[in-house]
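To be precise, the following lines are work04.cif, and they hold mmCIF, C-alpha atoms.
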```cif
data_data
loop_
_atom_site.label_atom_id
_atom_site.label_comp_id
_atom_site.auth_asym_id
_atom_site.auth_seq_id
_atom_site.Cartn_x
_atom_site.Cartn_y
_atom_site.Cartn_z
CA MET A 1 -133.61 162.53 190.99
CA ARG A 2 -131.42 159.44 191.18
CA THR A 3 -133.74 158.00 193.79
CA GLY A 4 -136.57 158.18 191.28
CA ILE A 5 -134.43 156.41 188.70
CA ALA A 6 -133.51 153.69 191.21
CA ILE A 7 -137.17 153.19 192.14
CA LYS A 8 -138.19 153.02 188.47
CA GLY A 9 -135.40 150.53 187.84
CA LEU A 10 -136.55 148.43 190.77
CA SER A 11 -140.13 148.53 189.52
CA LEU A 12 -139.06 147.43 186.04
CA LEU A 13 -136.93 144.63 187.48
CA LEU A 14 -139.80 143.38 189.62
CA ALA A 15 -142.15 143.50 186.64
CA ALA A 16 -139.66 141.57 184.52
CA LEU A 17 -139.25 138.95 187.24
CA ALA A 18 -142.99 138.63 187.54
CA LEU A 19 -143.42 138.26 183.79
CA ALA A 20 -140.57 135.78 183.59
CA GLY A 21 -142.27 133.72 186.28
CA CYS A 22 -145.62 133.90 184.45
CA GLN A 23 -144.23 132.88 181.08
CA GLN A 24 -142.64 129.67 182.28
CA ALA A 25 -144.73 126.53 182.24
CA ALA A 26 -146.23 125.69 185.60
CA PRO A 27 -144.39 122.84 187.27
CA ALA A 28 -146.34 119.62 187.65
CA GLY A 29 -145.87 119.27 191.38
CA GLY A 30 -146.98 121.72 194.09
CA ASP A 31 -143.55 121.52 195.74
CA ALA A 32 -141.86 122.81 192.59
CA MET A 33 -144.29 125.75 192.47
CA GLU A 34 -143.56 126.63 196.09
CA LYS A 35 -139.83 126.38 195.39
CA ARG A 36 -140.21 128.76 192.41
CA ILE A 37 -142.22 131.24 194.51
CA ALA A 38 -139.63 131.10 197.30
CA ASP A 39 -136.87 131.69 194.73
CA LEU A 40 -138.66 134.73 193.30
CA GLU A 41 -139.31 136.11 196.79
CA GLY A 42 -135.60 135.71 197.53
CA GLN A 43 -134.72 137.63 194.35
CA VAL A 44 -137.15 140.40 195.30
CA GLY A 45 -135.58 140.57 198.76
CA ALA A 46 -132.10 140.85 197.23
CA VAL A 47 -133.21 143.65 194.91
CA GLN A 48 -134.87 145.51 197.80
CA GLU A 49 -131.67 145.22 199.85
CA GLN A 50 -129.66 146.54 196.90
CA ASN A 51 -132.10 149.45 196.60
CA ARG A 52 -131.68 150.25 200.31
CA ASP A 53 -127.91 150.22 199.87
CA LEU A 54 -128.14 152.58 196.90
CA ARG A 55 -130.37 154.96 198.82
CA ALA A 56 -127.94 154.93 201.75
CA LYS A 57 -125.02 155.68 199.43
CA MET A 58 -126.93 158.53 197.81
CA ALA A 59 -127.84 160.02 201.18
CA ALA A 60 -124.21 159.80 202.30
CA SER A 61 -122.93 161.42 199.11
CA HIS A 62 -125.25 164.41 199.55
CA PRO A 63 -124.82 165.75 203.08
CA PHE A 64 -127.96 167.14 204.63
CA GLY A 65 -129.99 165.75 201.76
CA ARG A 66 -128.90 168.46 199.30
CA SER A 67 -127.61 167.51 195.88
CA PRO A 68 -124.78 169.46 194.21
CA LEU A 69 -127.29 171.02 191.84
CA ASP A 70 -129.50 172.14 194.74
CA ALA A 71 -126.43 173.58 196.46
CA PHE A 72 -125.49 175.46 193.27
CA PHE A 73 -128.89 177.12 193.00
CA ALA A 74 -129.03 177.82 196.74
CA ARG A 75 -125.78 179.83 196.74
CA PRO A 76 -126.36 183.59 196.85
CA GLU A 77 -123.73 184.13 194.13
CA PHE A 78 -126.00 182.37 191.64
CA TRP A 79 -128.73 184.94 192.17
CA GLN A 80 -126.58 188.01 192.85
CA CYS A 81 -123.96 187.68 190.11
CA THR A 82 -126.01 187.54 186.95
CA TYR A 83 -124.63 187.68 183.43
CA ASP A 84 -125.69 190.59 181.26
CA SER A 85 -125.78 189.41 177.66
CA SER A 86 -126.70 192.79 176.18
CA TRP A 87 -123.16 193.48 174.95
CA SER A 88 -122.82 190.01 173.45
CA ASP A 89 -126.21 190.28 171.75
CA CYS A 90 -125.42 193.71 170.35
CA SER A 91 -121.92 192.78 169.17
CA SER A 92 -123.28 189.65 167.52
CA ARG A 93 -125.85 191.74 165.67
CA CYS A 94 -123.14 194.22 164.57
CA SER A 95 -120.89 191.40 163.43
CA GLY A 96 -123.70 189.86 161.38
CA GLN A 97 -124.50 193.18 159.73
CA THR A 98 -120.83 193.81 158.96
CA SER A 99 -120.43 190.34 157.48
CA GLN A 100 -123.51 190.80 155.28
CA GLY A 101 -122.24 194.21 154.19
CA TYR A 102 -118.85 192.72 153.28
CA GLN A 103 -120.50 190.00 151.20
CA ALA A 104 -122.62 192.66 149.46
CA CYS A 105 -119.46 194.62 148.66
CA LEU A 106 -117.87 191.54 147.11
CA GLU A 107 -120.99 190.71 145.07
CA ASN A 108 -121.90 194.21 143.89
CA HIS A 109 -118.51 195.81 143.19
CA PRO A 110 -115.81 194.56 140.86
CA GLU A 111 -112.30 194.36 142.18
CA GLY A 112 -110.83 197.83 142.39
CA PRO A 113 -111.12 201.12 144.27
CA ASP A 114 -114.93 201.00 144.47
CA ARG A 115 -114.82 197.65 146.27
CA VAL A 116 -112.11 198.93 148.64
CA LYS A 117 -114.18 202.02 149.41
CA CYS A 118 -117.30 199.88 150.02
CA VAL A 119 -115.40 197.56 152.39
CA GLU A 120 -113.91 200.52 154.30
CA GLU A 121 -117.34 202.16 154.69
CA ASN A 122 -118.82 198.86 155.82
CA THR A 123 -116.02 198.42 158.36
CA ALA A 124 -116.62 201.94 159.69
CA ARG A 125 -120.37 201.20 160.04
CA GLY A 126 -119.49 198.02 161.96
CA ALA A 127 -117.19 199.95 164.30
CA ASN A 128 -119.86 202.59 164.92
CA CYS A 129 -122.39 199.86 165.62
CA LEU A 130 -120.07 198.34 168.25
CA LYS A 131 -119.55 201.76 169.86
CA GLY A 132 -123.31 201.99 170.31
CA CYS A 133 -123.54 198.70 172.18
CA PRO A 134 -124.41 199.12 175.87
CA VAL A 135 -121.45 197.87 177.85
CA GLN A 136 -119.98 198.87 181.19
CA THR A 137 -116.93 196.64 180.99
CA SER A 138 -115.37 194.48 178.34
CA PRO A 139 -116.43 190.82 178.27
CA LEU A 140 -112.71 190.03 178.48
CA ASP A 141 -112.62 191.82 181.84
CA PRO A 142 -115.84 190.68 183.55
CA PRO A 143 -117.05 192.42 186.70
CA SER A 144 -116.30 190.92 190.07
CA CYS A 145 -119.21 189.57 192.05
CA ARG A 146 -117.48 189.52 195.41
CA GLY A 147 -119.55 191.20 198.07
CA GLY A 148 -122.85 190.07 196.62
CA GLY A 149 -123.81 193.44 195.19
CA GLY A 150 -124.27 192.19 191.67
CA PRO A 151 -122.14 192.56 188.56
CA LEU A 152 -122.21 196.33 188.27
CA THR A 153 -120.97 197.25 191.74
#
```
Kindly return the structure encoded in the file as structure tokens.
Amino acid sequence: MRTGIAIKGLSLLLAALALAGCQQAAPAGGDAMEKRIADLEGQVGAVQEQNRDLRAKMAASHPFGRSPLDAFFARPEFWQCTYDSSWSDCSSRCSGQTSQGYQACLENHPEGPDRVKCVEENTARGANCLKGCPVQTSPLDPPSCRGGGGPLT
């Protein structure tokens, strides 16, 4: 990916140099024109050498041509130890419903025993909702993925 950026940068630099050379007034003498062309060719050569150096550094920083991101996705743990979001999704839904129920209790019941009863019933519904969420282990105690058998083994 960085190679593509370096090549695009080199292309833009070459285009800018070419445009800069085109926008200047043509020198009166032929010798001055040849000197300008030689100067631009020297700049292009310097940029190409810099590009080669950058490519060499990138190849050295990624042994065997593999980037850290490629290595991450190539590891078996990435594919074997997946995250199951079903508990998080369910608990988030229960939390939202409990929060809405609490707000409804505050809006629909004046302060007093009716409001307290409404809040208690809403809290019990929230607890029952959480009990119904599919979970094998707590998210605070995630499963171990050692051995490559996946999260539930």
Checklist line | Counting all atoms listed in the file, the residue of A:Arg115, A:Ala38, A:Ser95, A:Gln100 that sits nearest Cys129 in chain A | finding: A:Ser95
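Remark: for Lys117 in chain A, the closest of the candidate residues A:Phe72, A:Gly42, A:Ala32, A:Tyr102 is A:Tyr102 (distances computed over all atoms listed in the file).
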Notebook entry, point to check: A:Gln97, A:Ser88, A:Gln43, A:Ser67: which is nearest Ala127 in chain A, counting all atoms listed in the file?
Noted result: A:Gln97
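Compared by their closest atoms to Ser92 in chain A, and using only C-alpha atoms, the residues A:Ala104, A:Glu41, A:Gly112, A:Gly126 rank with A:Gly126 nearest.
You will find CA of Asn108 in chain A at 26.7 Å from CA of Cys90 in chain A.
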Note to self: Using all atoms listed in the file, which protein or nucleic acid residues come within 7 Å of Asn122 in chain A? Drop anything in the same chain fewer than 3 positions from it, and give the result as a list in words.
What the structure shows: Thr98, Gly101, Tyr102, Cys118, Val119, Arg125 and Gly126 of chain A
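Here CA of Glu111 in chain A stands at a distance of 29.6 Å from CA of Lys131 in chain A.
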Margin query: For a test of reading the model, state the distance in Å between CA of His109 in chain A and CA of Thr123 in chain A, rounded to one decimal.
Written below: 15.6 Å
Residue completion, range 108-132 of chain A, N, CA and C atoms, as a PDB file, in the frame of the given file:
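Output file selection-v6.pdb is given in full below:
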```
ATOM      1  N   ASN A 108    -121.404 193.082 144.684  1.00  0.00           N
ATOM      2  CA  ASN A 108    -121.900 194.210 143.890  1.00  0.00           C
ATOM      3  C   ASN A 108    -120.822 195.102 143.284  1.00  0.00           C
ATOM      4  N   HIS A 109    -119.575 194.935 143.698  1.00  0.00           N
ATOM      5  CA  HIS A 109    -118.510 195.810 143.190  1.00  0.00           C
ATOM      6  C   HIS A 109    -117.386 194.955 142.621  1.00  0.00           C
ATOM      7  N   PRO A 110    -116.952 195.288 141.405  1.00  0.00           N
ATOM      8  CA  PRO A 110    -115.810 194.560 140.860  1.00  0.00           C
ATOM      9  C   PRO A 110    -114.541 194.939 141.625  1.00  0.00           C
ATOM     10  N   GLU A 111    -113.550 194.103 141.483  1.00  0.00           N
ATOM     11  CA  GLU A 111    -112.300 194.360 142.180  1.00  0.00           C
ATOM     12  C   GLU A 111    -111.740 195.704 141.737  1.00  0.00           C
ATOM     13  N   GLY A 112    -111.356 196.507 142.713  1.00  0.00           N
ATOM     14  CA  GLY A 112    -110.830 197.830 142.390  1.00  0.00           C
ATOM     15  C   GLY A 112    -111.122 198.807 143.507  1.00  0.00           C
ATOM     16  N   PRO A 113    -110.959 200.097 143.222  1.00  0.00           N
ATOM     17  CA  PRO A 113    -111.120 201.120 144.270  1.00  0.00           C
ATOM     18  C   PRO A 113    -112.546 201.226 144.807  1.00  0.00           C
ATOM     19  N   ASP A 114    -113.548 200.938 143.979  1.00  0.00           N
ATOM     20  CA  ASP A 114    -114.930 201.000 144.470  1.00  0.00           C
ATOM     21  C   ASP A 114    -115.183 199.930 145.533  1.00  0.00           C
ATOM     22  N   ARG A 115    -114.659 198.730 145.292  1.00  0.00           N
ATOM     23  CA  ARG A 115    -114.820 197.650 146.270  1.00  0.00           C
ATOM     24  C   ARG A 115    -114.085 198.001 147.557  1.00  0.00           C
ATOM     25  N   VAL A 116    -112.891 198.550 147.448  1.00  0.00           N
ATOM     26  CA  VAL A 116    -112.110 198.930 148.640  1.00  0.00           C
ATOM     27  C   VAL A 116    -112.860 199.976 149.441  1.00  0.00           C
ATOM     28  N   LYS A 117    -113.420 200.961 148.726  1.00  0.00           N
ATOM     29  CA  LYS A 117    -114.180 202.020 149.410  1.00  0.00           C
ATOM     30  C   LYS A 117    -115.412 201.426 150.113  1.00  0.00           C
ATOM     31  N   CYS A 118    -116.101 200.520 149.445  1.00  0.00           N
ATOM     32  CA  CYS A 118    -117.300 199.880 150.020  1.00  0.00           C
ATOM     33  C   CYS A 118    -116.931 199.107 151.285  1.00  0.00           C
ATOM     34  N   VAL A 119    -115.835 198.349 151.230  1.00  0.00           N
ATOM     35  CA  VAL A 119    -115.400 197.560 152.390  1.00  0.00           C
ATOM     36  C   VAL A 119    -115.015 198.478 153.541  1.00  0.00           C
ATOM     37  N   GLU A 120    -114.316 199.576 153.240  1.00  0.00           N
ATOM     38  CA  GLU A 120    -113.910 200.520 154.300  1.00  0.00           C
ATOM     39  C   GLU A 120    -115.131 201.164 154.952  1.00  0.00           C
ATOM     40  N   GLU A 121    -116.121 201.559 154.133  1.00  0.00           N
ATOM     41  CA  GLU A 121    -117.340 202.160 154.690  1.00  0.00           C
ATOM     42  C   GLU A 121    -118.098 201.140 155.544  1.00  0.00           C
ATOM     43  N   ASN A 122    -118.144 199.913 155.067  1.00  0.00           N
ATOM     44  CA  ASN A 122    -118.820 198.860 155.820  1.00  0.00           C
ATOM     45  C   ASN A 122    -118.120 198.610 157.154  1.00  0.00           C
ATOM     46  N   THR A 123    -116.793 198.614 157.128  1.00  0.00           N
ATOM     47  CA  THR A 123    -116.020 198.420 158.360  1.00  0.00           C
ATOM     48  C   THR A 123    -116.275 199.565 159.331  1.00  0.00           C
ATOM     49  N   ALA A 124    -116.347 200.787 158.830  1.00  0.00           N
ATOM     50  CA  ALA A 124    -116.620 201.940 159.690  1.00  0.00           C
ATOM     51  C   ALA A 124    -118.027 201.831 160.301  1.00  0.00           C
ATOM     52  N   ARG A 125    -119.022 201.400 159.496  1.00  0.00           N
ATOM     53  CA  ARG A 125    -120.370 201.200 160.040  1.00  0.00           C
ATOM     54  C   ARG A 125    -120.355 200.138 161.144  1.00  0.00           C
ATOM     55  N   GLY A 126    -119.597 199.071 160.938  1.00  0.00           N
ATOM     56  CA  GLY A 126    -119.490 198.020 161.960  1.00  0.00           C
ATOM     57  C   GLY A 126    -118.872 198.550 163.242  1.00  0.00           C
ATOM     58  N   ALA A 127    -117.842 199.375 163.118  1.00  0.00           N
ATOM     59  CA  ALA A 127    -117.190 199.950 164.300  1.00  0.00           C
ATOM     60  C   ALA A 127    -118.141 200.881 165.038  1.00  0.00           C
ATOM     61  N   ASN A 128    -118.892 201.681 164.287  1.00  0.00           N
ATOM     62  CA  ASN A 128    -119.860 202.590 164.920  1.00  0.00           C
ATOM     63  C   ASN A 128    -120.970 201.800 165.615  1.00  0.00           C
ATOM     64  N   CYS A 129    -121.365 200.706 165.003  1.00  0.00           N
ATOM     65  CA  CYS A 129    -122.390 199.860 165.620  1.00  0.00           C
ATOM     66  C   CYS A 129    -121.891 199.335 166.963  1.00  0.00           C
ATOM     67  N   LEU A 130    -120.644 198.855 166.995  1.00  0.00           N
ATOM     68  CA  LEU A 130    -120.070 198.340 168.250  1.00  0.00           C
ATOM     69  C   LEU A 130    -119.969 199.428 169.317  1.00  0.00           C
ATOM     70  N   LYS A 131    -119.650 200.652 168.886  1.00  0.00           N
ATOM     71  CA  LYS A 131    -119.550 201.760 169.860  1.00  0.00           C
ATOM     72  C   LYS A 131    -120.902 202.044 170.496  1.00  0.00           C
ATOM     73  N   GLY A 132    -121.975 201.752 169.787  1.00  0.00           N
ATOM     74  CA  GLY A 132    -123.310 201.990 170.310  1.00  0.00           C
ATOM     75  C   GLY A 132    -123.830 200.882 171.214  1.00  0.00           C
TER      76      GLY A 132
END
```
